[in-house]
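Dumped start.txt below, it's compact mmCIF, C-alpha atoms:
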```txt
# COMPACT_ATOMS: atom_id res chain seq x y z
CA MET R 1195 -12.58 28.53 -23.70
CA ASP R 1196 -13.09 25.90 -26.40
CA VAL R 1197 -14.38 22.42 -25.65
CA ILE R 1198 -10.88 20.89 -25.61
CA GLN R 1199 -9.68 23.41 -23.04
CA GLU R 1200 -12.85 22.82 -21.05
CA ILE R 1201 -12.15 19.08 -20.99
CA ALA R 1202 -8.65 19.72 -19.64
CA ALA R 1203 -9.97 22.14 -17.01
CA SER R 1204 -12.76 19.80 -15.89
CA LEU R 1205 -10.28 16.95 -15.66
CA ARG R 1206 -8.04 19.07 -13.42
CA ASN R 1207 -11.08 19.56 -11.17
CA GLY R 1208 -11.76 15.82 -11.10
CA ASP R 1209 -15.25 16.39 -12.49
CA ASP R 1210 -15.82 13.02 -14.16
CA GLU R 1211 -19.40 13.68 -15.23
CA ARG R 1212 -18.47 16.94 -16.95
CA VAL R 1213 -15.44 15.38 -18.64
CA ALA R 1214 -17.69 12.67 -20.08
CA LEU R 1215 -20.25 15.25 -21.19
CA LEU R 1216 -17.65 17.48 -22.85
CA THR R 1217 -15.85 14.56 -24.48
CA GLN R 1218 -19.13 13.43 -26.02
CA ARG R 1219 -19.79 17.00 -27.17
CA ALA R 1220 -16.34 17.17 -28.80
CA ILE R 1221 -17.00 13.85 -30.56
CA ASP R 1222 -20.39 15.07 -31.74
CA ASP R 1223 -18.76 18.27 -33.03
CA GLY R 1224 -16.54 16.10 -35.22
CA LEU R 1225 -13.24 16.80 -33.50
CA PRO R 1226 -10.63 14.08 -34.14
CA ALA R 1227 -10.42 11.54 -31.30
CA GLU R 1228 -6.62 11.91 -31.16
CA GLU R 1229 -6.97 15.65 -30.59
CA ILE R 1230 -9.53 15.16 -27.81
CA LEU R 1231 -7.24 12.60 -26.19
CA ASN R 1232 -3.95 14.45 -26.49
CA LYS R 1233 -4.96 18.09 -26.12
CA GLY R 1234 -7.86 17.59 -23.77
CA LEU R 1235 -7.48 14.55 -21.54
CA MET R 1236 -3.71 13.96 -21.62
CA SER R 1237 -2.95 17.64 -21.39
CA GLY R 1238 -5.23 18.02 -18.37
CA MET R 1239 -3.66 14.99 -16.71
CA GLN R 1240 -0.19 16.37 -17.35
CA VAL R 1241 -1.09 19.51 -15.38
CA VAL R 1242 -2.56 17.37 -12.59
CA GLY R 1243 0.72 15.44 -12.34
CA GLU R 1244 2.66 18.69 -12.12
CA LEU R 1245 0.36 20.12 -9.44
CA PHE R 1246 0.77 16.94 -7.39
CA ARG R 1247 4.54 16.98 -7.84
CA ASP R 1248 4.57 20.56 -6.55
CA HIS R 1249 2.40 19.60 -3.54
CA GLU R 1250 -0.43 21.87 -4.68
CA ILE R 1251 -3.03 19.09 -4.72
CA PHE R 1252 -3.46 15.85 -2.77
CA LEU R 1253 -3.28 12.28 -4.06
CA PRO R 1254 -7.07 11.67 -4.00
CA GLU R 1255 -7.47 14.66 -6.34
CA VAL R 1256 -5.03 13.04 -8.78
CA LEU R 1257 -7.10 9.87 -8.63
CA LEU R 1258 -10.33 11.78 -9.19
CA ALA R 1259 -8.71 13.25 -12.30
CA ALA R 1260 -7.69 9.73 -13.35
CA ARG R 1261 -11.30 8.59 -12.94
CA ALA R 1262 -12.45 11.52 -15.07
CA MET R 1263 -9.86 10.61 -17.68
CA ASN R 1264 -11.06 7.01 -17.73
CA ASN R 1265 -14.59 8.27 -18.42
CA GLY R 1266 -13.36 10.30 -21.38
CA VAL R 1267 -11.13 7.55 -22.74
CA ASP R 1268 -14.01 5.05 -22.60
CA LEU R 1269 -15.97 7.27 -24.99
CA LEU R 1270 -12.97 7.61 -27.32
CA LYS R 1271 -12.01 3.94 -27.40
CA PRO R 1272 -14.37 2.90 -30.24
CA LEU R 1273 -13.05 5.79 -32.33
CA LEU R 1274 -9.42 4.95 -31.61
CA ALA R 1275 -9.77 1.21 -32.25
CA GLY R 1276 -7.15 -0.02 -34.70
CA LYS R 1277 -5.26 3.28 -34.60
CA GLU R 1278 -1.77 3.56 -33.26
CA ILE R 1279 -1.91 5.81 -30.22
CA PRO R 1280 1.43 7.52 -29.73
CA THR R 1281 2.98 7.07 -26.28
CA VAL R 1282 6.09 8.52 -24.74
CA GLY R 1283 7.40 5.08 -23.79
CA LYS R 1284 6.57 1.68 -22.39
CA VAL R 1285 7.00 0.62 -18.77
CA VAL R 1286 6.56 -2.80 -17.14
CA ILE R 1287 5.38 -2.57 -13.54
CA GLY R 1288 4.57 -5.10 -10.85
CA THR R 1289 4.84 -5.99 -7.20
CA ALA R 1290 7.90 -7.94 -6.10
CA LYS R 1291 7.81 -11.74 -5.83
CA GLY R 1292 6.05 -12.73 -2.61
CA ASP R 1293 4.25 -9.41 -2.15
CA LEU R 1294 0.52 -8.92 -2.60
CA HIS R 1295 0.27 -5.24 -1.68
CA ASP R 1296 -0.41 -3.53 -4.98
CA ILE R 1297 -1.97 -0.17 -4.16
CA GLY R 1298 1.30 1.77 -4.53
CA LYS R 1299 2.06 0.04 -7.80
CA ASN R 1300 -1.47 0.80 -9.05
CA LEU R 1301 -1.03 4.49 -8.24
CA VAL R 1302 2.24 4.64 -10.16
CA GLY R 1303 0.54 2.92 -13.12
CA ILE R 1304 -2.30 5.45 -13.12
CA MET R 1305 0.08 8.39 -13.00
CA LEU R 1306 2.33 6.90 -15.70
CA LYS R 1307 -0.66 6.51 -18.02
CA GLY R 1308 -1.58 10.10 -17.26
CA ALA R 1309 1.92 11.14 -18.25
CA GLY R 1310 1.50 9.40 -21.61
CA PHE R 1311 3.28 6.09 -20.99
CA GLU R 1312 2.02 2.71 -22.09
CA VAL R 1313 1.94 0.56 -18.97
CA VAL R 1314 2.23 -3.22 -18.86
CA ASP R 1315 0.94 -4.08 -15.39
CA LEU R 1316 1.97 -7.60 -14.32
CA GLY R 1317 0.01 -7.42 -11.06
CA ASN R 1318 1.46 -8.74 -7.83
CA ASP R 1319 3.79 -11.57 -6.74
CA VAL R 1320 5.83 -11.26 -9.96
CA THR R 1321 8.99 -13.32 -10.52
CA ALA R 1322 12.21 -11.78 -11.79
CA GLU R 1323 11.97 -13.90 -14.94
CA ARG R 1324 8.48 -12.58 -15.70
CA PHE R 1325 9.56 -8.96 -15.24
CA VAL R 1326 12.54 -9.35 -17.57
CA ASP R 1327 10.84 -11.59 -20.16
CA THR R 1328 7.89 -9.18 -20.42
CA ALA R 1329 10.16 -6.16 -20.80
CA VAL R 1330 12.08 -7.89 -23.58
CA GLU R 1331 8.94 -9.09 -25.39
CA SER R 1332 7.12 -5.76 -25.12
CA GLY R 1333 10.13 -3.59 -25.87
CA ALA R 1334 9.81 -1.72 -22.56
CA LYS R 1335 12.85 0.25 -21.49
CA VAL R 1336 11.93 0.52 -17.82
CA ILE R 1337 10.86 -2.02 -15.18
CA GLY R 1338 9.21 -0.63 -12.04
CA ILE R 1339 9.10 -2.88 -8.96
CA SER R 1340 7.12 -2.18 -5.81
CA ALA R 1341 7.28 -3.85 -2.37
CA LEU R 1342 5.60 -3.14 0.95
CA LEU R 1343 7.47 -5.65 3.08
CA THR R 1344 11.13 -5.69 4.06
CA THR R 1345 11.08 -9.42 3.40
CA THR R 1346 10.01 -9.07 -0.23
CA MET R 1347 12.46 -6.26 -0.99
CA SER R 1348 15.15 -8.87 -1.62
CA SER R 1349 13.20 -10.04 -4.70
CA MET R 1350 13.95 -6.65 -6.27
CA ARG R 1351 17.63 -7.53 -6.32
CA ASP R 1352 16.78 -10.69 -8.32
CA VAL R 1353 15.38 -8.54 -11.16
CA VAL R 1354 18.46 -6.31 -11.26
CA ASP R 1355 20.76 -9.35 -11.14
CA LEU R 1356 18.84 -11.13 -13.90
CA LEU R 1357 19.15 -8.11 -16.19
CA GLN R 1358 22.89 -8.14 -15.51
CA ASP R 1359 23.15 -11.88 -16.19
CA ARG R 1360 21.36 -11.50 -19.52
CA GLY R 1361 23.45 -8.52 -20.55
CA LEU R 1362 20.42 -6.20 -20.51
CA ALA R 1363 21.53 -3.80 -17.78
CA GLY R 1364 21.80 -0.32 -19.23
CA GLU R 1365 19.37 -1.23 -21.98
CA ILE R 1366 16.43 -1.95 -19.68
CA HIS R 1367 16.40 0.26 -16.59
CA THR R 1368 15.00 -0.54 -13.16
CA ILE R 1369 13.24 1.65 -10.61
CA VAL R 1370 12.20 0.45 -7.16
CA GLY R 1371 9.81 1.87 -4.59
CA GLY R 1372 7.50 1.08 -1.69
CA ALA R 1373 7.22 1.87 2.01
CA PRO R 1374 10.36 0.07 3.25
CA VAL R 1375 12.51 0.92 0.20
CA SER R 1376 15.08 3.70 0.36
CA LYS R 1377 17.51 5.39 -2.01
CA GLU R 1378 20.33 3.61 -0.17
CA PHE R 1379 18.68 0.24 -0.75
CA ALA R 1380 18.16 1.05 -4.44
CA ASP R 1381 21.84 1.95 -4.77
CA GLU R 1382 22.91 -1.15 -2.85
CA ILE R 1383 21.10 -3.56 -5.17
CA GLY R 1384 22.16 -1.64 -8.28
CA ALA R 1385 18.73 -0.34 -9.33
CA ASP R 1386 18.86 2.63 -11.69
CA ALA R 1387 16.39 4.77 -9.73
CA TYR R 1388 14.29 5.04 -6.59
CA GLY R 1389 10.75 6.40 -6.47
CA TYR R 1390 9.98 8.04 -3.13
CA ASP R 1391 6.29 8.30 -4.05
CA ALA R 1392 4.13 7.92 -7.15
CA ALA R 1393 4.92 11.43 -8.42
CA SER R 1394 8.66 11.06 -7.98
CA ALA R 1395 8.51 7.60 -9.60
CA VAL R 1396 6.97 9.15 -12.71
CA GLU R 1397 9.64 11.88 -12.81
CA GLN R 1398 12.40 9.29 -12.43
CA ILE R 1399 10.92 7.06 -15.12
CA LYS R 1400 10.67 10.03 -17.48
CA ALA R 1401 14.38 10.62 -16.93
CA LEU R 1402 15.23 6.93 -17.45
CA ALA R 1403 13.15 6.84 -20.65
CA GLY R 1404 14.72 10.08 -21.87
CA VAL R 1405 11.38 11.92 -22.00
CA MET W 1229 -14.94 2.35 12.33
CA PRO W 1230 -11.57 4.02 11.82
CA LYS W 1231 -11.28 7.75 12.42
CA ARG W 1232 -11.78 10.07 9.46
CA ARG W 1233 -8.61 11.96 10.41
CA THR W 1234 -6.56 8.73 10.29
CA VAL W 1235 -7.85 8.00 6.81
CA LEU W 1236 -7.11 11.51 5.51
CA SER W 1237 -3.63 11.32 6.99
CA ALA W 1238 -3.03 7.99 5.22
CA GLN W 1239 -4.00 9.75 1.99
CA GLY W 1240 -1.26 12.32 2.52
CA ILE W 1241 -3.58 15.10 3.69
CA PRO W 1242 -2.01 16.81 6.71
CA ASP W 1243 -3.85 17.92 9.83
CA GLY W 1244 -5.49 21.30 9.37
CA ALA W 1245 -5.42 21.25 5.56
CA ALA W 1246 -8.59 22.34 3.77
CA ILE W 1247 -10.31 19.24 2.43
CA PRO W 1248 -11.54 19.72 -1.15
CA GLU W 1249 -15.28 19.05 -1.43
CA ARG W 1250 -14.83 16.19 -3.91
CA VAL W 1251 -12.30 14.49 -1.63
CA ALA W 1252 -14.66 14.82 1.35
CA ALA W 1253 -17.42 13.22 -0.73
CA LEU W 1254 -15.04 10.45 -1.72
CA VAL W 1255 -14.22 9.68 1.92
CA ASP W 1256 -17.95 9.66 2.77
CA ALA W 1257 -18.58 7.18 -0.06
CA GLY W 1258 -15.63 5.05 1.10
CA PHE W 1259 -16.95 4.86 4.65
CA GLU W 1260 -20.39 3.92 3.35
CA ILE W 1261 -18.98 1.01 1.34
CA TYR W 1262 -16.77 -0.03 4.25
CA SER W 1263 -19.61 -0.10 6.75
CA SER W 1264 -21.81 -2.16 4.45
CA HIS W 1265 -19.09 -4.73 3.62
CA VAL W 1266 -16.96 -5.02 6.76
CA ASP W 1267 -17.16 -8.39 8.50
CA ALA W 1268 -14.76 -8.05 11.41
CA VAL W 1269 -13.69 -11.25 13.15
CA GLY W 1270 -10.80 -12.23 15.38
CA THR W 1271 -9.32 -15.05 17.38
CA ARG W 1272 -6.95 -15.17 20.34
CA ALA W 1273 -5.23 -17.89 22.38
CA GLU W 1274 -2.84 -17.58 25.30
CA ILE W 1275 0.52 -19.24 24.88
CA SER W 1276 3.42 -20.13 27.14
CA PHE W 1277 6.70 -18.25 26.89
CA GLU W 1278 8.47 -21.45 25.83
CA GLU W 1279 6.01 -22.16 23.02
CA PHE W 1280 6.10 -18.57 21.86
CA GLY W 1281 9.90 -18.68 21.76
CA LEU W 1282 9.66 -21.49 19.20
CA ILE W 1283 7.11 -19.56 17.13
CA PHE W 1284 9.08 -16.34 17.29
CA HIS W 1285 12.25 -17.97 16.01
CA GLY W 1286 10.15 -19.52 13.23
CA GLU W 1287 12.27 -20.46 10.27
CA GLY W 1288 15.37 -18.86 11.80
CA ARG W 1289 15.19 -15.83 9.55
CA ASN W 1290 14.70 -13.02 12.09
CA ALA W 1291 17.11 -10.08 12.28
CA SER W 1292 20.17 -10.75 14.46
CA ARG W 1293 18.74 -8.41 17.15
CA THR W 1294 15.05 -7.65 17.63
CA PRO W 1295 13.11 -5.67 20.25
CA LEU W 1296 10.59 -8.46 20.84
CA GLU W 1297 13.20 -11.02 21.97
CA GLY W 1298 14.18 -8.56 24.72
CA ILE W 1299 10.58 -7.82 25.70
CA PHE W 1300 8.61 -11.05 25.76
CA PRO W 1301 10.70 -12.92 28.38
CA ASP W 1302 9.84 -10.12 30.84
CA ALA W 1303 6.13 -10.09 30.01
CA ARG W 1304 3.42 -11.31 32.39
CA ARG W 1305 1.34 -13.08 29.75
CA LEU W 1306 1.34 -13.69 26.00
CA ALA W 1307 -1.45 -14.44 23.54
CA LEU W 1308 -1.39 -15.14 19.82
CA PHE W 1309 -4.04 -13.29 17.84
CA ALA W 1310 -5.39 -12.76 14.34
CA VAL W 1311 -8.05 -10.32 13.13
CA THR W 1312 -9.52 -9.45 9.76
CA ILE W 1313 -12.04 -7.04 8.32
CA GLY W 1314 -13.08 -9.79 5.90
CA GLU W 1315 -12.79 -10.55 2.21
CA ALA W 1316 -15.77 -8.49 1.03
CA VAL W 1317 -14.06 -5.11 1.56
CA CYS W 1318 -10.88 -6.38 -0.13
CA GLY W 1319 -12.99 -7.59 -3.06
CA GLU W 1320 -14.60 -4.16 -3.36
CA ILE W 1321 -11.16 -2.49 -3.48
CA ARG W 1322 -10.08 -4.78 -6.33
CA ARG W 1323 -13.39 -4.22 -8.13
CA LEU W 1324 -13.10 -0.43 -7.93
CA PHE W 1325 -9.54 -0.42 -9.28
CA GLY W 1326 -10.56 -2.88 -11.99
CA ASN W 1327 -13.54 -0.75 -12.99
CA GLY W 1328 -11.51 2.41 -13.48
CA ASP W 1329 -12.33 4.10 -10.18
CA PRO W 1330 -8.92 4.34 -8.50
CA ALA W 1331 -10.04 7.33 -6.42
CA LEU W 1332 -12.69 5.41 -4.51
CA GLY W 1333 -10.58 2.22 -4.59
CA PHE W 1334 -7.65 3.98 -2.94
CA THR W 1335 -9.92 5.70 -0.42
CA LEU W 1336 -11.53 2.39 0.54
CA ASP W 1337 -8.08 0.83 0.79
CA THR W 1338 -6.92 3.46 3.29
CA ILE W 1339 -10.13 3.04 5.31
CA ALA W 1340 -9.69 -0.75 5.27
CA SER W 1341 -6.05 -0.56 6.42
CA ALA W 1342 -7.00 1.79 9.25
CA GLY W 1343 -9.92 -0.50 10.10
CA ALA W 1344 -7.69 -3.58 10.38
CA GLU W 1345 -5.23 -1.71 12.63
CA LYS W 1346 -8.07 -0.48 14.80
CA LEU W 1347 -9.35 -4.02 15.09
CA ALA W 1348 -5.93 -5.23 16.27
CA ASP W 1349 -5.86 -2.41 18.83
CA ALA W 1350 -9.34 -3.39 20.01
CA MET W 1351 -8.17 -6.98 20.43
CA ALA W 1352 -5.22 -5.75 22.52
CA ARG W 1353 -7.51 -3.61 24.71
CA ASP W 1354 -9.89 -6.50 25.20
CA TYR W 1355 -7.05 -8.80 26.25
CA GLN W 1356 -5.82 -6.17 28.71
CA GLU W 1357 -9.28 -5.88 30.24
CA CYS W 1358 -9.72 -9.65 30.43
CA ILE W 1359 -6.46 -10.33 32.23
CA SER W 1360 -6.81 -7.40 34.63
CA GLN W 1361 -10.33 -8.56 35.55
CA SER W 1362 -9.21 -12.16 36.02
CA ASP W 1363 -6.25 -11.23 38.22
CA PRO W 1364 -6.18 -7.90 40.11
CA ALA W 1365 -2.39 -8.23 40.40
CA LEU W 1366 -2.26 -7.71 36.63
CA SER W 1367 -4.33 -4.51 36.58
CA GLY W 1368 -1.22 -2.44 35.91
CA VAL W 1369 -0.04 -4.34 32.86
CA ARG W 1370 -0.41 -2.90 29.39
CA VAL W 1371 -0.82 -4.86 26.17
CA LEU W 1372 0.87 -4.12 22.85
CA PRO W 1373 0.65 -6.21 19.67
CA HIS W 1374 3.75 -7.27 17.70
CA SER W 1375 3.47 -8.79 14.22
CA PRO W 1376 5.66 -10.89 11.92
CA GLY W 1377 7.04 -8.80 9.07
CA TYR W 1378 7.87 -5.88 11.35
CA CYS W 1379 10.77 -4.87 13.61
CA GLY W 1380 13.01 -7.79 12.69
CA TRP W 1381 10.43 -10.56 13.20
CA HIS W 1382 10.60 -12.23 9.83
CA VAL W 1383 7.31 -12.72 8.00
CA SER W 1384 8.08 -16.46 7.75
CA GLY W 1385 7.22 -16.55 11.47
CA GLN W 1386 3.62 -16.53 10.27
CA GLY W 1387 3.97 -20.23 9.43
CA LYS W 1388 4.44 -21.44 13.00
CA LEU W 1389 2.04 -18.79 14.33
CA PHE W 1390 -0.70 -20.12 12.05
CA GLU W 1391 0.08 -23.73 13.01
CA ALA W 1392 -0.49 -22.83 16.66
CA LEU W 1393 -3.46 -20.45 16.33
CA ARG W 1394 -5.30 -21.89 13.30
CA PRO W 1395 -6.93 -18.64 12.14
CA GLU W 1396 -8.18 -20.51 9.07
CA ARG W 1397 -11.17 -21.20 11.32
CA ILE W 1398 -12.18 -17.54 11.00
CA GLY W 1399 -11.33 -17.28 7.31
CA ILE W 1400 -7.71 -16.08 7.36
CA SER W 1401 -5.27 -18.13 5.32
CA LEU W 1402 -1.57 -17.91 4.46
CA ASN W 1403 -0.06 -18.09 1.00
CA ALA W 1404 3.31 -19.60 0.10
CA SER W 1405 4.98 -16.26 0.77
CA PHE W 1406 3.51 -16.16 4.31
CA LEU W 1407 1.14 -13.31 3.44
CA MET W 1408 -2.38 -13.35 4.83
CA GLN W 1409 -5.58 -13.42 2.87
CA PRO W 1410 -7.80 -11.42 3.21
CA LEU W 1411 -5.01 -8.89 2.78
CA LYS W 1412 -6.48 -6.57 5.40
CA SER W 1413 -5.71 -8.88 8.30
CA VAL W 1414 -3.36 -8.49 11.25
CA SER W 1415 -1.77 -11.32 13.23
CA GLY W 1416 0.89 -11.58 15.89
CA VAL W 1417 1.41 -11.76 19.60
CA LEU W 1418 -0.19 -9.66 22.32
CA VAL W 1419 2.42 -8.88 24.93
CA ALA W 1420 0.97 -8.12 28.38
CA ALA W 1421 3.71 -6.54 30.43
CA ASP W 1422 4.46 -3.78 32.91
CA LYS W 1423 4.63 -0.42 31.15
CA GLU W 1424 8.41 0.03 31.16
CA VAL W 1425 9.00 -3.45 29.70
CA HIS W 1426 7.47 -2.30 26.40
CA ASP W 1427 10.02 0.47 25.88
CA PHE W 1428 13.12 0.02 23.71
CA ASP W 1429 15.71 2.18 21.98
CA ILE W 1430 15.41 2.44 18.21
CA ASP W 1431 18.99 1.38 17.55
CA PHE W 1432 18.33 -1.84 15.61
CA ASP W 1433 19.78 -2.36 12.12
CA PHE W 1434 16.34 -2.19 10.49
CA CYS W 1435 15.40 1.08 12.26
CA THR W 1436 17.54 3.14 9.88
CA ASP W 1437 15.46 1.97 6.90
CA CYS W 1438 12.13 2.40 8.72
CA THR W 1439 10.23 5.40 7.37
CA ASP W 1440 7.31 4.91 9.74
CA GLN W 1441 8.65 4.48 13.31
CA GLY W 1442 5.09 4.00 14.52
CA CYS W 1443 6.59 2.03 17.42
CA ARG W 1444 7.36 5.33 19.20
CA GLU W 1445 3.72 6.41 19.24
CA ARG W 1446 2.55 3.00 20.43
CA ILE W 1447 5.12 2.86 23.23
CA GLN W 1448 4.29 6.41 24.32
CA SER W 1449 0.61 5.49 24.47
CA VAL W 1450 1.47 2.73 26.93
CA LEU W 1451 4.01 4.64 29.02
CA PHE W 1452 1.63 7.54 29.58
CA ASP W 1453 -1.54 5.48 29.99
CA SER W 1454 -2.78 6.16 33.52
CA ARG W 1455 -5.72 3.72 33.47
CA GLY W 1456 -5.79 1.08 36.19
CA GLY W 1457 -2.90 0.53 38.56
CA GLY W 1458 0.81 0.29 37.87
```

Give the structure from the file, written as structure tokens.
Amino acid sequence: MDVIQEIAASLRNGDDERVALLTQRAIDDGLPAEEILNKGLMSGMQVVGELFRDHEIFLPEVLLAARAMNNGVDLLKPLLAGKEIPTVGKVVIGTAKGDLHDIGKNLVGIMLKGAGFEVVDLGNDVTAERFVDTAVESGAKVIGISALLTTTMSSMRDVVDLLQDRGLAGEIHTIVGGAPVSKEFADEIGADAYGYDAASAVEQIKALAGV
Amino acid sequence: MPKRRTVLSAQGIPDGAAIPERVAALVDAGFEIYSSHVDAVGTRAEISFEEFGLIFHGEGRNASRTPLEGIFPDARRLALFAVTIGEAVCGEIRRLFGNGDPALGFTLDTIASAGAEKLADAMARDYQECISQSDPALSGVRVLPHSPGYCGWHVSGQGKLFEALRPERIGISLNASFLMQPLKSVSGVLVAADKEVHDFDIDFDFCTDCTDQGCRERIQSVLFDSRGGG
């Protein structure tokens, strides 16, 4: 097994110390940073996402892999500075206006990054205008909105309606998720997709982004 | 401290599943941080049925039918309450996510959520003990908490609840969206009633969208509780 494959394998095991060690070794061996990132870290994270989707590993194991990936990326950052890092797409995410519960949204963001997306995370309590304006400015094709409370779910409709009003529906897609949100609710408000959990949200966003 | 099993379950790990060594270590680390940062406090104040009726109807945004409006008029006593595990744990969760450690951040978050729920349950148990000691005729009553934001009680009800209870005194505040800070806080009303009063059918409009239905477990725990009289 070469060092790149070892990085991917260690990442799948959530071994953050070993991922850092191997990433440094790959750098010292003169391997290109892009190759270490794409074939080692991203490739390992891709497998982790698939294992989670197939219920073969638990969510904390995905997050351990994400921590390991962060360790590796931190070492690569100085080498990648100023270089265009290819991504599979850009997604704006945030928690619905009025809602402060951001753990679910954070998990989706972590898994999207692992799947190769560039993520613009607006945090929590985000207005419809901010979601749409940011998507337009950043060129994102998908907006992901999370809510934990039934009372803040209604803010999701505002985002969908604003995209309609500005003639952006169909160009910028929406996906909604969170504990009280259902597929029926997503259909009712006219969202393009519903994420049952973080893994399904990533799969849905891939489909919306044509990946 | 919340139970380890509750925390694992909240992380999507079913009962009986083999726990990977790294995940077990993560949970240990989470509990260690929780125990060193938790600062549990709570407040409680009894309230008349009439006053609670005004609080419950809040800004007039409740669901058209709710279980609580059918329960509280038949209760023996009511008390408003608020509890929190404190800001320090919430700050640690944010710090861990911000520092690129989502694994430990998420683990601590699940421990903190379970901790806040356990604290609310402890407050309910304490109220039950207090009223049954103060009046032997109430030894058979059971106490269950109900909170704004759940089961048709609109979260805007927090406004009037906070005006009456003033939990700012113990460090819990409300934002413009009626959400509490620290985030891991629980507020609501403690309903002290005879066992059967707590029961209700899950045929409300919002029940179809509810993925949790934790109400069933809570009601069962009361109906089959054989402590005391009643």

*Using all atoms listed in the file, determine which residues of chain W fall within 6 Å of chain R; present them as number ranges by chain.*
W: 1329-1331, 1405

_Nearest residue to W:Ser1401 out of W:Ser1367, W:Ser1292, W:Thr1312, W:Ser1375, using only C-alpha atoms?_
W:Thr1312

Contact residues around stretch 1241-1244 of chain R with only C-alpha atoms at 8 Å, ignoring same-chain residues under 5 positions, as a tab-separated table (two decimals) with C-alpha atoms, in the frame of the given file:
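Saved to out.tsv:
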```tsv
chain	number	residue	atom	x	y	z
R	1206	ARG	CA	-8.04	19.07	-13.42
R	1256	VAL	CA	-5.03	13.04	-8.78
R	1259	ALA	CA	-8.71	13.25	-12.30
R	1305	MET	CA	0.08	8.39	-13.00
R	1308	GLY	CA	-1.58	10.10	-17.26
R	1309	ALA	CA	1.92	11.14	-18.25
R	1393	ALA	CA	4.92	11.43	-8.42
```

_Selected residue of minimal separation from W:Asp1437 among R:Ala1290, R:Ile1230, R:Val1354, R:Ala1380, counting all atoms listed in the file_ = R:Ala1380

_I want to know what sits within 8 Å of R:Val1282, based on only C-alpha atoms, with residues of the same chain fewer than 4 positions away left out; could you give that as a PyMOL selection string?_
chain R and resi 1310-1312+1405

Any chance you could export the current selection's C-alpha atoms as a CSV table (one decimal), in the coordinates of the input?
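Result written to part_39.csv:
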```
chain,number,residue,atom,x,y,z
R,1310,GLY,CA,1.5,9.4,-21.6
R,1311,PHE,CA,3.3,6.1,-21.0
R,1312,GLU,CA,2.0,2.7,-22.1
R,1405,VAL,CA,11.4,11.9,-22.0
```

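Each of W:Asp1354, W:Asp1433, W:Glu1445, W:Asp1422 was compared to W:Ala1291 using only C-alpha atoms, and W:Asp1433 turns out to be the nearest.
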
*asked:* Quick check, in Å to one decimal: how far apart do atom CA of R:Ala1202 and atom CA of R:Asp1223 lie?
replied: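 Value for the atom CA of R:Ala1202-atom CA of R:Asp1223 distance: 16.8 Å.
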
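Coordinates place atom CA of W:Phe1390 at a distance of 23.3 Å from atom CA of W:Arg1293.
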
*asked:* Rounded to one decimal, what separation in Å do you get between atom CA of R:Ala1385 and atom CA of W:Gly1380?
replied: 23.9 Å

*Could you tell me, as number ranges by chain, which residues have any atom at most 8 Å from (-10.0, -6.6, 3.7), counting all atoms listed in the file?*
W: 1266, 1312-1319, 1340-1341, 1344, 1410-1413

*In terms of the shortest atom-to-atom distance over only C-alpha atoms, which of R:Glu1397, R:Glu1228, R:Asp1196, R:Asp1386 is closest to R:Ile1366?*
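Among the listed residues, the smallest separation from R:Ile1366 belongs to R:Asp1386.
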
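Using all atoms listed in the file, the shortest contact distance between W:Cys1379 and any of W:Cys1358, W:Met1229, W:Cys1438, W:Ile1275 is found at W:Cys1438.
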
*Which residue out of W:Thr1271, W:Ile1261, W:Gly1240, W:Asp1337 has the minimum interatomic distance to R:Ala1392 when only C-alpha atoms are used?*
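Among the listed residues, the smallest separation from R:Ala1392 belongs to W:Gly1240.
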
Is it possible to dump stretch 1383-1391 of chain W as a PDB file, in the first residue's frame, including just N, CA and C atoms?
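part29.pdb written:
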```pdb
ATOM      1  N   VAL W1383     -43.969  28.384  20.318  1.00  0.00           N
ATOM      2  CA  VAL W1383     -42.762  28.832  21.019  1.00  0.00           C
ATOM      3  C   VAL W1383     -42.886  30.279  21.495  1.00  0.00           C
ATOM      4  N   SER W1384     -43.792  31.052  20.867  1.00  0.00           N
ATOM      5  CA  SER W1384     -43.965  32.456  21.308  1.00  0.00           C
ATOM      6  C   SER W1384     -44.548  32.525  22.715  1.00  0.00           C
ATOM      7  N   GLY W1385     -45.082  31.398  23.202  1.00  0.00           N
ATOM      8  CA  GLY W1385     -45.559  31.330  24.589  1.00  0.00           C
ATOM      9  C   GLY W1385     -44.439  31.567  25.588  1.00  0.00           C
ATOM     10  N   GLN W1386     -43.199  31.418  25.129  1.00  0.00           N
ATOM     11  CA  GLN W1386     -42.043  31.673  25.995  1.00  0.00           C
ATOM     12  C   GLN W1386     -42.049  33.102  26.530  1.00  0.00           C
ATOM     13  N   GLY W1387     -42.581  34.036  25.708  1.00  0.00           N
ATOM     14  CA  GLY W1387     -42.558  35.448  26.103  1.00  0.00           C
ATOM     15  C   GLY W1387     -43.267  35.666  27.424  1.00  0.00           C
ATOM     16  N   LYS W1388     -44.526  35.233  27.494  1.00  0.00           N
ATOM     17  CA  LYS W1388     -45.310  35.430  28.723  1.00  0.00           C
ATOM     18  C   LYS W1388     -44.791  34.543  29.859  1.00  0.00           C
ATOM     19  N   LEU W1389     -44.287  33.359  29.510  1.00  0.00           N
ATOM     20  CA  LEU W1389     -43.726  32.475  30.536  1.00  0.00           C
ATOM     21  C   LEU W1389     -42.525  33.151  31.213  1.00  0.00           C
ATOM     22  N   PHE W1390     -41.676  33.778  30.406  1.00  0.00           N
ATOM     23  CA  PHE W1390     -40.504  34.456  30.958  1.00  0.00           C
ATOM     24  C   PHE W1390     -40.902  35.691  31.781  1.00  0.00           C
ATOM     25  N   GLU W1391     -41.951  36.389  31.321  1.00  0.00           N
ATOM     26  CA  GLU W1391     -42.413  37.561  32.086  1.00  0.00           C
ATOM     27  C   GLU W1391     -42.842  37.149  33.488  1.00  0.00           C
TER      28      GLU W1391
END
```
